[in-house]
Amino acid sequence: MLIRKKVLALAWGLAMVLAPVGLMAEGGEKQGKLVHVADTRGLTGFNLYFADLYNTNRLLFAIEAVLITVIMGVTLGILMDKLVSVIGLDLSKRSVKE
Amino acid sequence: MDFFTITLPISGVEINALLLVLLGVAVGVLGGFFGMGGAWMVTPALNIFGFPMPFAVGTDLCHMAGKSIISTRRHAKFGNVDMKLGFIMLAFDVVGIEIGARVVMFLEKLGLAGPVIRWVYVVFLALIGILVFYDFYKKQQLDKAGADEAQSAITWHETLHKIKIPPMVKLPVAGVECSLWLPASVGFMVGLLAGFLGIGGGLLMMPALVYLIGCPTFVAVGTDLFTIMLAGLYGAFTYGVKGRIELLAVLIMLAGAAPGAQIGTIATKYIRGYGIRLMFGVTVICAMASVILKQVGWGGAASWVIMTAVSIMTLVVIVGMFKGAAQELRAKRLSHEGH
């Protein structure tokens, strides 16, 4: 019962956090009826794959776009960390205050 | 420059990739330094580069999420992210956004939305700017009088902390113990304004965390970025489903934002909290000038002001970071030689 309550509370919390962003996406200029199709002629590799996915499965396109963004963000962050530590900067503490 | 011109596969927009990288660097530096998503810089810039507005917003949100991951990781390692505070603020922030958006819809029906929103935006930016400059001036006076370095000039948060309506929460990273209703109501108010003004909210959240919650500037920046990261990820998803993300542009901008975010975040290690507040104040005033110029029909001048301000601030932060890093490395070398 307690677990169910916790799951419900978590779901409600997530819905509260995420729903308005969806509303923001709906806002602005009304674009609901506009169907945009990517022109895949002349595309190859990565661009062709994503343009095709965009035209055929928007949900999967959105999921893959978010996943790639997260992976790219984390990877670039780690790479930059390594680069900065090679330079010799101490990133574990700060010396200046308010 | 034609060498860098590419055609984006989904929107079909032709764009100079170098411009996207530079935009990524600038927004990465300023976002990591001030704790902002930077939508107020990126969305108009992408629109100027030729993106249709919905693509500009969706692409910006997706890039903002990736960039905030990089900055939040770094700030978390510095111990600047109060996740508990971030979750509380975000939960109530979004309720405020929802209500703010509905007020806009109501004003739209009356045909008043555009000018009312812009002038309210100007008033708030002016108030934040004045507050930050006043705070900086008072801090200078305190320093001259030999006050404790940690003493804040504006202490509204101390008065607000005296309101002890249960439940009370301990926010260990921020070093604050207060009623849950304080961060909740501040988050709600920030969301209400952000929803009303149609902005991400980082511009409002950062000073709210400092002056109303009592966070140290660094924790305000890190916690703000944490909430931006979560909101940006969902924004990226929902705009993706609606087909308004240009993924290739996101990845190109991230390539610039990655070093930019590191530079901006590391710069907070070398620049005093009050220095960050002062630069934030200058940026806010430039944003305000840009909105006023747009309102009076000088769109070109508005873009010029915002782009110049972004370029100058980016350069100042980069120089600050490299100066600080050079000093640290020199000190390390001297200490090694001493041994």
# chains A, B, ... in the order shown; residues from 1 in each chain; ligands from 1

$ select_by_dssp --residues "range 70-262 of chain B" --states "strand (DSSP E)" --output "PyMOL selection string"
chain B and resi 168-171+176-179

$ write_last_selection --atoms "N, CA and C atoms" --output "tab-separated table (two decimals), in the first residue's frame"
chain	number	residue	atom	x	y	z
B	168	MET	N	9.17	22.19	7.98
B	168	MET	CA	10.45	22.85	7.75
B	168	MET	C	11.34	21.93	6.91
B	169	VAL	N	12.17	22.51	6.08
B	169	VAL	CA	13.11	21.68	5.29
B	169	VAL	C	14.54	22.16	5.52
B	170	LYS	N	15.44	21.17	5.51
B	170	LYS	CA	16.87	21.49	5.58
B	170	LYS	C	17.42	21.34	4.19
B	171	LEU	N	18.09	22.37	3.72
B	171	LEU	CA	18.70	22.32	2.39
B	171	LEU	C	20.22	22.40	2.62
B	176	VAL	N	20.69	26.20	4.09
B	176	VAL	CA	19.48	26.93	4.48
B	176	VAL	C	18.54	25.97	5.20
B	177	GLU	N	17.89	26.46	6.27
B	177	GLU	CA	16.80	25.72	6.88
B	177	GLU	C	15.62	26.69	6.94
B	178	CYS	N	14.53	26.30	6.28
B	178	CYS	CA	13.39	27.23	6.20
B	178	CYS	C	12.09	26.44	6.05
B	179	SER	N	11.00	27.18	6.05
B	179	SER	CA	9.71	26.54	5.81
B	179	SER	C	9.67	26.06	4.36

$ interface_residues --of "chain B" --to "chain A" --cutoff "8 Å" --atoms "only C-alpha atoms" --output "PyMOL selection string"
chain B and resi 9-12+54+62-63+65-67+69-71+73-74+77-78+90-91+94-95+97-98+101+149-150+216-217+231+233-243+247-248+250-251+254-255+258-259+262+266+269-274+325+328-329

$ select_by_dssp --residues "range 130-268 of chain B" --states "helix (DSSP H, G or I)" --output "ChimeraX atom specification"
/B:130-144,156-161,181-197,202-213,217-241,247-268
